[in-house]
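**Student:** Contents of target-v5.csv (CSV, N, CA and C atoms and all ligand atoms):
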chain,number,residue,atom,x,y,z
A,1108,MET,N,17.8,-5.4,-6.2
A,1108,MET,CA,17.0,-4.7,-7.2
A,1108,MET,C,16.9,-3.2,-6.8
A,1109,ASP,N,16.9,-2.4,-7.7
A,1109,ASP,CA,16.8,-0.9,-7.4
A,1109,ASP,C,15.4,-0.5,-7.3
A,1110,CYS,N,14.8,-0.9,-6.2
A,1110,CYS,CA,13.4,-0.6,-5.9
A,1110,CYS,C,13.3,-0.2,-4.5
A,1111,LEU,N,12.7,1.0,-4.3
A,1111,LEU,CA,12.6,1.6,-3.0
A,1111,LEU,C,11.9,0.7,-2.0
A,1112,PHE,N,10.7,0.1,-2.5
A,1112,PHE,CA,9.9,-0.7,-1.5
A,1112,PHE,C,10.6,-2.0,-1.3
A,1113,CYS,N,11.3,-2.6,-2.3
A,1113,CYS,CA,12.1,-3.8,-2.0
A,1113,CYS,C,13.1,-3.5,-1.0
A,1114,LYS,N,13.7,-2.3,-1.0
A,1114,LYS,CA,14.7,-2.0,0.0
A,1114,LYS,C,14.1,-1.9,1.4
A,1115,ILE,N,12.9,-1.3,1.5
A,1115,ILE,CA,12.2,-1.3,2.7
A,1115,ILE,C,11.9,-2.7,3.2
A,1116,ILE,N,11.5,-3.6,2.3
A,1116,ILE,CA,11.2,-5.0,2.7
A,1116,ILE,C,12.5,-5.6,3.2
A,1117,ASN,N,13.6,-5.3,2.6
A,1117,ASN,CA,14.9,-6.0,3.0
A,1117,ASN,C,15.6,-5.2,4.1
A,1118,ARG,N,14.9,-4.2,4.6
A,1118,ARG,CA,15.5,-3.4,5.8
A,1118,ARG,C,16.8,-2.7,5.4
A,1119,GLU,N,16.9,-2.3,4.1
A,1119,GLU,CA,18.0,-1.5,3.6
A,1119,GLU,C,17.7,0.0,3.8
A,1120,ILE,N,16.4,0.3,3.9
A,1120,ILE,CA,15.9,1.6,4.1
A,1120,ILE,C,14.9,1.5,5.3
A,1121,PRO,N,15.0,2.4,6.2
A,1121,PRO,CA,14.1,2.4,7.4
A,1121,PRO,C,12.7,2.8,7.0
A,1122,ALA,N,11.7,2.3,7.6
A,1122,ALA,CA,10.3,2.7,7.5
A,1122,ALA,C,9.6,2.4,8.8
A,1123,ASP,N,8.5,3.1,8.9
A,1123,ASP,CA,7.7,3.0,10.1
A,1123,ASP,C,6.7,1.8,9.9
A,1124,ILE,N,7.1,0.6,10.1
A,1124,ILE,CA,6.3,-0.6,9.8
A,1124,ILE,C,5.2,-0.8,10.8
A,1125,VAL,N,4.0,-1.0,10.3
A,1125,VAL,CA,2.8,-1.2,11.1
A,1125,VAL,C,2.3,-2.7,11.1
A,1126,TYR,N,2.7,-3.4,10.0
A,1126,TYR,CA,2.2,-4.8,9.9
A,1126,TYR,C,3.2,-5.6,9.0
A,1127,GLU,N,3.4,-6.8,9.4
A,1127,GLU,CA,4.2,-7.7,8.5
A,1127,GLU,C,3.8,-9.1,8.7
A,1128,ASP,N,3.7,-9.8,7.5
A,1128,ASP,CA,3.6,-11.3,7.6
A,1128,ASP,C,4.5,-11.8,6.5
A,1129,ASP,N,4.3,-13.1,6.2
A,1129,ASP,CA,5.3,-13.7,5.2
A,1129,ASP,C,5.1,-13.2,3.8
A,1130,GLN,N,3.9,-12.6,3.5
A,1130,GLN,CA,3.6,-12.2,2.1
A,1130,GLN,C,3.5,-10.7,2.0
A,1131,VAL,N,3.2,-10.0,3.0
A,1131,VAL,CA,2.8,-8.6,3.0
A,1131,VAL,C,3.5,-7.7,4.0
A,1132,LEU,N,3.8,-6.5,3.6
A,1132,LEU,CA,4.3,-5.5,4.6
A,1132,LEU,C,3.5,-4.2,4.5
A,1133,ALA,N,3.3,-3.6,5.7
A,1133,ALA,CA,2.6,-2.3,5.7
A,1133,ALA,C,3.4,-1.3,6.5
A,1134,PHE,N,3.4,-0.1,6.0
A,1134,PHE,CA,4.2,1.0,6.8
A,1134,PHE,C,3.5,2.3,6.5
A,1135,ASN,N,3.8,3.3,7.4
A,1135,ASN,CA,3.2,4.6,7.2
A,1135,ASN,C,3.9,5.3,6.1
A,1136,ASP,N,3.0,6.0,5.3
A,1136,ASP,CA,3.5,6.8,4.2
A,1136,ASP,C,4.4,8.0,4.7
A,1137,ILE,N,5.5,8.2,4.1
A,1137,ILE,CA,6.4,9.3,4.5
A,1137,ILE,C,5.9,10.7,4.4
A,1138,ASP,N,4.9,10.8,3.5
A,1138,ASP,CA,4.3,12.1,3.2
A,1138,ASP,C,2.7,12.0,3.3
A,1139,PRO,N,2.2,11.9,4.5
A,1139,PRO,CA,0.8,11.5,4.7
A,1139,PRO,C,-0.2,12.5,4.1
A,1140,LYS,N,-1.2,12.0,3.5
A,1140,LYS,CA,-2.3,12.8,2.9
A,1140,LYS,C,-3.6,12.8,3.7
A,1141,ALA,N,-3.5,12.2,4.9
A,1141,ALA,CA,-4.6,12.0,5.8
A,1141,ALA,C,-4.0,11.7,7.2
A,1142,PRO,N,-4.9,11.9,8.2
A,1142,PRO,CA,-4.3,11.6,9.6
A,1142,PRO,C,-3.7,10.3,9.7
A,1143,THR,N,-4.3,9.3,9.1
A,1143,THR,CA,-3.6,8.0,8.9
A,1143,THR,C,-3.4,7.7,7.4
A,1144,HIS,N,-2.2,7.4,7.0
A,1144,HIS,CA,-1.9,7.1,5.6
A,1144,HIS,C,-0.8,6.0,5.6
A,1145,MET,N,-1.3,4.8,5.3
A,1145,MET,CA,-0.4,3.6,5.3
A,1145,MET,C,-0.3,3.1,3.8
A,1146,LEU,N,0.8,2.4,3.6
A,1146,LEU,CA,1.0,1.7,2.3
A,1146,LEU,C,1.0,0.2,2.6
A,1147,VAL,N,0.2,-0.6,1.9
A,1147,VAL,CA,0.3,-2.0,2.1
A,1147,VAL,C,0.8,-2.6,0.8
A,1148,ILE,N,1.9,-3.4,0.9
A,1148,ILE,CA,2.6,-3.9,-0.3
A,1148,ILE,C,2.8,-5.4,-0.2
A,1149,PRO,N,2.9,-6.0,-1.4
A,1149,PRO,CA,3.3,-7.4,-1.4
A,1149,PRO,C,4.8,-7.5,-1.3
A,1150,LYS,N,5.3,-8.5,-0.6
A,1150,LYS,CA,6.8,-8.7,-0.5
A,1150,LYS,C,7.4,-9.1,-1.9
A,1151,LYS,N,6.5,-9.7,-2.7
A,1151,LYS,CA,7.0,-10.0,-4.1
A,1151,LYS,C,7.0,-8.7,-4.9
A,1152,HIS,N,8.1,-8.5,-5.7
A,1152,HIS,CA,8.1,-7.3,-6.5
A,1152,HIS,C,7.2,-7.4,-7.7
A,1153,ILE,N,6.2,-6.6,-7.8
A,1153,ILE,CA,5.3,-6.5,-8.9
A,1153,ILE,C,5.3,-5.0,-9.3
A,1154,ALA,N,5.7,-4.6,-10.5
A,1154,ALA,CA,6.0,-3.2,-10.8
A,1154,ALA,C,4.7,-2.4,-10.8
A,1155,THR,N,3.7,-2.9,-11.5
A,1155,THR,CA,2.5,-2.1,-11.7
A,1155,THR,C,1.3,-3.1,-11.7
A,1156,LEU,N,0.1,-2.5,-11.6
A,1156,LEU,CA,-1.1,-3.3,-11.7
A,1156,LEU,C,-1.2,-4.1,-13.0
A,1157,ASN,N,-0.5,-3.6,-14.0
A,1157,ASN,CA,-0.5,-4.3,-15.3
A,1157,ASN,C,0.3,-5.5,-15.3
A,1158,ASP,N,1.1,-5.7,-14.3
A,1158,ASP,CA,2.1,-6.8,-14.2
A,1158,ASP,C,1.6,-8.0,-13.3
A,1159,ILE,N,0.4,-7.9,-12.8
A,1159,ILE,CA,-0.2,-8.9,-11.9
A,1159,ILE,C,-0.6,-10.1,-12.8
A,1160,SER,N,-0.1,-11.3,-12.3
A,1160,SER,CA,-0.5,-12.5,-13.1
A,1160,SER,C,-1.5,-13.3,-12.3
A,1161,GLU,N,-2.1,-14.3,-13.0
A,1161,GLU,CA,-3.1,-15.2,-12.3
A,1161,GLU,C,-2.5,-15.8,-11.0
A,1162,ASP,N,-1.2,-16.1,-11.0
A,1162,ASP,CA,-0.6,-16.7,-9.9
A,1162,ASP,C,-0.5,-15.7,-8.7
A,1163,ASP,N,-0.7,-14.4,-8.9
A,1163,ASP,CA,-0.6,-13.4,-7.9
A,1163,ASP,C,-1.9,-13.1,-7.2
A,1164,LEU,N,-3.0,-13.7,-7.7
A,1164,LEU,CA,-4.3,-13.2,-7.2
A,1164,LEU,C,-4.5,-13.3,-5.7
A,1165,ALA,N,-4.1,-14.5,-5.1
A,1165,ALA,CA,-4.3,-14.6,-3.7
A,1165,ALA,C,-3.5,-13.6,-2.9
A,1166,LEU,N,-2.2,-13.4,-3.4
A,1166,LEU,CA,-1.3,-12.4,-2.8
A,1166,LEU,C,-1.9,-11.0,-2.9
A,1167,VAL,N,-2.3,-10.6,-4.0
A,1167,VAL,CA,-2.9,-9.3,-4.2
A,1167,VAL,C,-4.2,-9.1,-3.4
A,1168,GLY,N,-4.9,-10.2,-3.3
A,1168,GLY,CA,-6.2,-10.1,-2.5
A,1168,GLY,C,-5.9,-9.9,-1.0
A,1169,ARG,N,-4.7,-10.2,-0.6
A,1169,ARG,CA,-4.4,-9.9,0.8
A,1169,ARG,C,-4.3,-8.4,1.1
A,1170,LEU,N,-4.0,-7.6,0.0
A,1170,LEU,CA,-3.8,-6.1,0.3
A,1170,LEU,C,-5.1,-5.5,0.8
A,1171,PRO,N,-6.3,-5.6,0.2
A,1171,PRO,CA,-7.4,-5.0,0.8
A,1171,PRO,C,-7.9,-5.7,2.1
A,1172,PHE,N,-7.5,-7.0,2.2
A,1172,PHE,CA,-7.9,-7.7,3.5
A,1172,PHE,C,-7.1,-7.1,4.6
A,1173,ILE,N,-5.8,-6.9,4.4
A,1173,ILE,CA,-4.9,-6.3,5.5
A,1173,ILE,C,-5.3,-4.9,5.7
A,1174,ALA,N,-5.6,-4.2,4.6
A,1174,ALA,CA,-6.0,-2.8,4.7
A,1174,ALA,C,-7.2,-2.6,5.7
A,1175,SER,N,-8.2,-3.5,5.5
A,1175,SER,CA,-9.4,-3.5,6.4
A,1175,SER,C,-9.0,-3.8,7.8
A,1176,ARG,N,-8.2,-4.8,8.0
A,1176,ARG,CA,-7.8,-5.2,9.3
A,1176,ARG,C,-7.1,-4.1,10.1
A,1177,LEU,N,-6.2,-3.4,9.4
A,1177,LEU,CA,-5.5,-2.3,10.0
A,1177,LEU,C,-6.5,-1.1,10.3
A,1178,ALA,N,-7.4,-0.9,9.4
A,1178,ALA,CA,-8.4,0.1,9.6
A,1178,ALA,C,-9.3,-0.2,10.9
A,1179,LYS,N,-9.6,-1.5,11.0
A,1179,LYS,CA,-10.3,-1.9,12.2
A,1179,LYS,C,-9.5,-1.7,13.5
A,1180,GLU,N,-8.2,-2.1,13.4
A,1180,GLU,CA,-7.4,-2.0,14.6
A,1180,GLU,C,-7.2,-0.5,15.0
A,1181,GLN,N,-7.1,0.3,14.0
A,1181,GLN,CA,-6.8,1.7,14.3
A,1181,GLN,C,-8.1,2.5,14.5
A,1182,GLY,N,-9.3,1.9,14.4
A,1182,GLY,CA,-10.5,2.5,14.8
A,1182,GLY,C,-11.3,3.3,13.8
A,1183,PHE,N,-10.9,3.3,12.5
A,1183,PHE,CA,-11.6,4.1,11.5
A,1183,PHE,C,-12.3,3.3,10.5
A,1184,ALA,N,-12.4,2.0,10.7
A,1184,ALA,CA,-13.1,1.1,9.7
A,1184,ALA,C,-14.6,1.4,9.6
A,1185,GLU,N,-15.2,1.7,10.7
A,1185,GLU,CA,-16.7,1.9,10.7
A,1185,GLU,C,-17.0,3.3,10.0
A,1186,ASP,N,-16.2,4.3,10.4
A,1186,ASP,CA,-16.4,5.6,9.8
A,1186,ASP,C,-16.1,5.6,8.3
A,1187,GLY,N,-15.1,4.8,7.9
A,1187,GLY,CA,-14.8,4.6,6.5
A,1187,GLY,C,-13.4,5.1,6.2
A,1188,PHE,N,-12.9,4.7,5.1
A,1188,PHE,CA,-11.6,5.0,4.7
A,1188,PHE,C,-11.5,4.9,3.2
A,1189,ARG,N,-10.3,5.3,2.7
A,1189,ARG,CA,-10.1,5.3,1.2
A,1189,ARG,C,-8.9,4.5,0.9
A,1190,VAL,N,-9.0,3.6,-0.1
A,1190,VAL,CA,-7.9,2.8,-0.6
A,1190,VAL,C,-7.7,3.3,-2.0
A,1191,VAL,N,-6.4,3.4,-2.4
A,1191,VAL,CA,-6.1,3.8,-3.8
A,1191,VAL,C,-4.9,3.0,-4.3
A,1192,MET,N,-4.9,2.6,-5.5
A,1192,MET,CA,-3.8,2.0,-6.2
A,1192,MET,C,-3.6,2.8,-7.5
A,1193,ASN,N,-2.5,3.5,-7.6
A,1193,ASN,CA,-2.2,4.3,-8.8
A,1193,ASN,C,-1.4,3.4,-9.8
A,1194,CYS,N,-1.7,3.6,-11.1
A,1194,CYS,CA,-1.0,2.8,-12.1
A,1194,CYS,C,-0.4,3.7,-13.2
A,1195,ASN,N,0.9,3.6,-13.3
A,1195,ASN,CA,1.6,4.3,-14.4
A,1195,ASN,C,1.4,5.8,-14.3
A,1196,GLU,N,1.9,6.5,-15.3
A,1196,GLU,CA,2.0,7.9,-15.2
A,1196,GLU,C,0.7,8.7,-15.1
A,1197,ASP,N,-0.3,8.3,-15.9
A,1197,ASP,CA,-1.5,9.1,-15.8
A,1197,ASP,C,-2.2,8.8,-14.5
A,1198,GLY,N,-2.0,7.6,-13.9
A,1198,GLY,CA,-2.6,7.3,-12.6
A,1198,GLY,C,-1.8,7.9,-11.4
A,1199,GLY,N,-0.7,8.5,-11.7
A,1199,GLY,CA,0.1,9.2,-10.6
A,1199,GLY,C,1.0,8.2,-9.8
A,1200,GLN,N,1.4,7.1,-10.4
A,1200,GLN,CA,2.3,6.2,-9.8
A,1200,GLN,C,3.7,6.8,-9.8
A,1201,THR,N,4.3,6.8,-8.6
A,1201,THR,CA,5.7,7.3,-8.5
A,1201,THR,C,6.7,6.2,-8.1
A,1202,VAL,N,6.2,5.2,-7.4
A,1202,VAL,CA,7.0,4.1,-6.9
A,1202,VAL,C,6.5,2.8,-7.7
A,1203,TYR,N,7.4,2.2,-8.4
A,1203,TYR,CA,7.0,1.1,-9.3
A,1203,TYR,C,7.2,-0.3,-8.6
A,1204,HIS,N,6.5,-0.4,-7.5
A,1204,HIS,CA,6.3,-1.7,-6.8
A,1204,HIS,C,4.8,-1.5,-6.2
A,1205,ILE,N,3.9,-2.3,-6.7
A,1205,ILE,CA,2.5,-2.0,-6.4
A,1205,ILE,C,2.3,-1.8,-4.9
A,1206,HIS,N,1.4,-1.0,-4.6
A,1206,HIS,CA,1.1,-0.6,-3.2
A,1206,HIS,C,-0.3,-0.1,-3.1
A,1207,MET,N,-1.0,-0.4,-2.0
A,1207,MET,CA,-2.3,0.1,-1.7
A,1207,MET,C,-2.2,1.2,-0.7
A,1208,HIS,N,-2.6,2.4,-1.1
A,1208,HIS,CA,-2.7,3.5,-0.1
A,1208,HIS,C,-3.9,3.2,0.8
A,1209,VAL,N,-3.7,3.3,2.1
A,1209,VAL,CA,-4.9,3.2,3.0
A,1209,VAL,C,-4.9,4.5,3.8
A,1210,MET,N,-6.0,5.2,3.6
A,1210,MET,CA,-6.1,6.6,4.2
A,1210,MET,C,-7.3,6.6,5.0
A,1211,GLY,N,-7.2,7.2,6.3
A,1211,GLY,CA,-8.4,7.3,7.1
A,1211,GLY,C,-8.2,8.5,8.1
A,1212,GLY,N,-9.3,8.7,8.8
A,1212,GLY,CA,-9.2,9.8,9.8
A,1212,GLY,C,-9.8,11.1,9.3
A,1213,ARG,N,-10.2,11.1,8.1
A,1213,ARG,CA,-10.9,12.3,7.6
A,1213,ARG,C,-11.9,11.9,6.5
A,1214,ARG,N,-12.7,12.8,6.0
A,1214,ARG,CA,-13.7,12.5,4.9
A,1214,ARG,C,-13.0,12.8,3.6
A,1215,PHE,N,-13.2,11.9,2.6
A,1215,PHE,CA,-12.6,12.1,1.3
A,1215,PHE,C,-13.7,12.5,0.3
A,1216,THR,N,-13.2,13.2,-0.7
A,1216,THR,CA,-14.2,13.6,-1.7
A,1216,THR,C,-14.1,12.7,-2.9
A,1217,TRP,N,-15.1,12.7,-3.8
A,1217,TRP,CA,-15.1,11.9,-5.0
A,1217,TRP,C,-15.7,12.7,-6.1
A,1218,PRO,N,-15.1,12.7,-7.3
A,1218,PRO,CA,-14.0,11.9,-7.7
A,1218,PRO,C,-12.6,12.4,-7.2
A,1219,ALA,N,-11.7,11.5,-7.2
A,1219,ALA,CA,-10.3,11.9,-6.8
A,1219,ALA,C,-9.8,12.8,-7.9
A,1220,GLY,N,-8.8,13.6,-7.5
A,1220,GLY,CA,-8.3,14.7,-8.4
A,1220,GLY,C,-7.5,14.1,-9.6
B,1301,LIG,P1,2.4,6.5,-5.6
B,1301,LIG,O1,2.6,7.9,-6.0
B,1301,LIG,O2,1.0,6.0,-5.7
B,1301,LIG,O3,3.4,5.6,-6.4
B,1301,LIG,O4,2.7,6.4,-4.1
B,1301,LIG,C1,4.0,6.3,-3.6
B,1301,LIG,C2,4.0,6.7,-2.2
B,1301,LIG,O5,5.2,6.3,-1.5
B,1301,LIG,C3,3.8,8.2,-1.9
B,1301,LIG,O6,2.6,8.5,-1.2
B,1301,LIG,C4,5.1,8.6,-1.1
B,1301,LIG,O7,4.8,9.6,-0.2
B,1301,LIG,C5,5.4,7.3,-0.5
B,1301,LIG,N1,6.9,7.1,-0.2
B,1301,LIG,C6,7.9,7.4,-0.9
B,1301,LIG,N2,9.1,7.1,-0.3
B,1301,LIG,C7,8.7,6.6,0.9
B,1301,LIG,C8,9.5,6.1,2.0
B,1301,LIG,N3,10.8,6.0,2.0
B,1301,LIG,N4,8.8,5.6,3.0
B,1301,LIG,C9,7.4,5.6,3.0
B,1301,LIG,N5,6.7,6.1,2.0
B,1301,LIG,C10,7.3,6.6,1.0
B,1302,ZN,ZN,10.1,-3.8,-5.5
Have the structure of the file written as structure tokens, please.
**Tutor:**
Amino acid sequence: MDCLFCKIINREIPADIVYEDDQVLAFNDIDPKAPTHMLVIPKKHIATLNDISEDDLALVGRLPFIASRLAKEQGFAEDGFRVVMNCNEDGGQTVYHIHMHVMGGRRFTWPAG
């Protein structure tokens, strides 16, 4: 499949992988917007948030769970962090395989731009 993140999952493209289990992969964003900026993705290809089905709920629920675990391991969970999932053009999605941005190490403003 012609999907950048599927290629990372299949090791066809290198990435700085920080976590992997049978369902989820996490790696550092290539263009970080914070001192720590990771992407947590399901190994199953789901193009957008609009494509999540009932069967995917446990899988998608792992994304914030792993995000928090990584934040704890990296020491910024208590200070706080930002997770973002962009959907489609207006949401700013550029890679069409769902991913949770996990950003930490600085203070974020709200609302997001
Ligand atoms: P989004 O714009 O929400 O779809 O997020 C896509 C993210 O993927 C951006 O933050 C990009 O910097 C990141 N990205 C694109 N290509 C790569 C890559 N090869 N390895 C790691 N992160 C990437
Ligand atoms: Zn994919």
**Student:** To check your reading of the model: which residues sit at most 9 Å from ligand ZN 1302 (chain B) when counting only C-alpha atoms and all ligand atoms? Write the answer as a ChimeraX atom specification.
**Tutor:** /A:1108-1116,1149-1154,1202-1205
**Student:** List the residues sitting within 7 Å of (1.8, 7.2, 2.2) in the file's frame, using only N, CA and C atoms, as number ranges by chain.
**Tutor:** A: 1134-1140, 1144-1146, 1208-1209
**Student:** Rank nothing, just name the residue among A:Asp1162, A:Met1207, A:Ala1178, A:Asn1117 nearest to ligand LIG 1301 (chain B), using all atoms listed in the file.
**Tutor:**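 The closest residue to ligand LIG 1301 (chain B) is A:Met1207.
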**Student:** May I ask which of the residues A:Leu1166, A:Val1125, A:Leu1132, A:Met1210 is the closest one to Ala1184 of chain A, counting only C-alpha atoms?
**Tutor:**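 Once distances to Ala1184 of chain A are computed over only C-alpha atoms, the minimum belongs to A:Met1210.
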**Student:** Between A:Arg1118, A:His1206, A:Arg1169, A:Arg1213, which residue has the minimum interatomic distance to ligand LIG 1301 (chain B), considering only C-alpha atoms and all ligand atoms?
**Tutor:** A:His1206
**Student:** Go through A:Ala1219, A:Leu1156, A:Ile1120, A:Val1131 one by one, measure the shortest atom-to-atom distance of each to ligand LIG 1301 (chain B) using all atoms listed in the file, and give the residue with the smallest value.
**Tutor:** A:Ile1120
**Student:** Quick one: of A:Val1167, A:Ala1133, A:Glu1180, A:Gln1200, who's nearest to ligand LIG 1301 (chain B), counting only N, CA and C atoms and all ligand atoms?
**Tutor:**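 Checking each candidate against ligand LIG 1301 (chain B), we get A:Gln1200 as the closest.
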**Student:** With all atoms listed in the file as the basis for distance, which of A:Pro1218, A:Asn1157, A:Gly1211, A:Thr1201 is at the shortest distance from ligand LIG 1301 (chain B)?
**Tutor:** A:Thr1201
**Student:** Interatomic distance between atom N of Pro1171 of chain A and atom C of Glu1119 of chain A?
**Tutor:** 24.9 Å
**Student:** Within chain A, find each residue whose DSSP state, derived from the backbone, is strand (DSSP E), and express the selection as a VMD selection string.
**Tutor:** chain A and resid 1124 to 1127 1131 to 1135 1143 to 1149 1188 to 1191 1207 to 1211
**Student:** Report, in Å to a single decimal, how far apart atom CA of Asp1123 of chain A and atom C3 of ligand LIG 1301 (chain B) are.
**Tutor:**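 Here the two named atoms are 13.6 Å from each other.
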**Student:** Record the distance separating atom CA of Glu1196 of chain A and atom C1 of ligand LIG 1301 (chain B), expressed in Å with one decimal.
**Tutor:** 11.9 Å
**Student:** Box for segment 1155-1165 of chain A: with edges along x, y and z, all listed atoms inside and 8 Å added on each side, what are the centre and edge lengths in Å to one decimal, as JSON?
**Tutor:**
{"center_x": -0.4, "center_y": -9.4, "center_z": -9.1, "size_x": 24.2, "size_y": 30.6, "size_z": 28.4}
**Student:** Would you mind writing down, as a ChimeraX atom specification, each residue of chain A that DSSP on the backbone assigns to helix (DSSP H, G or I)?
**Tutor:** /A:1111-1116,1156-1158,1161-1181,1195-1198
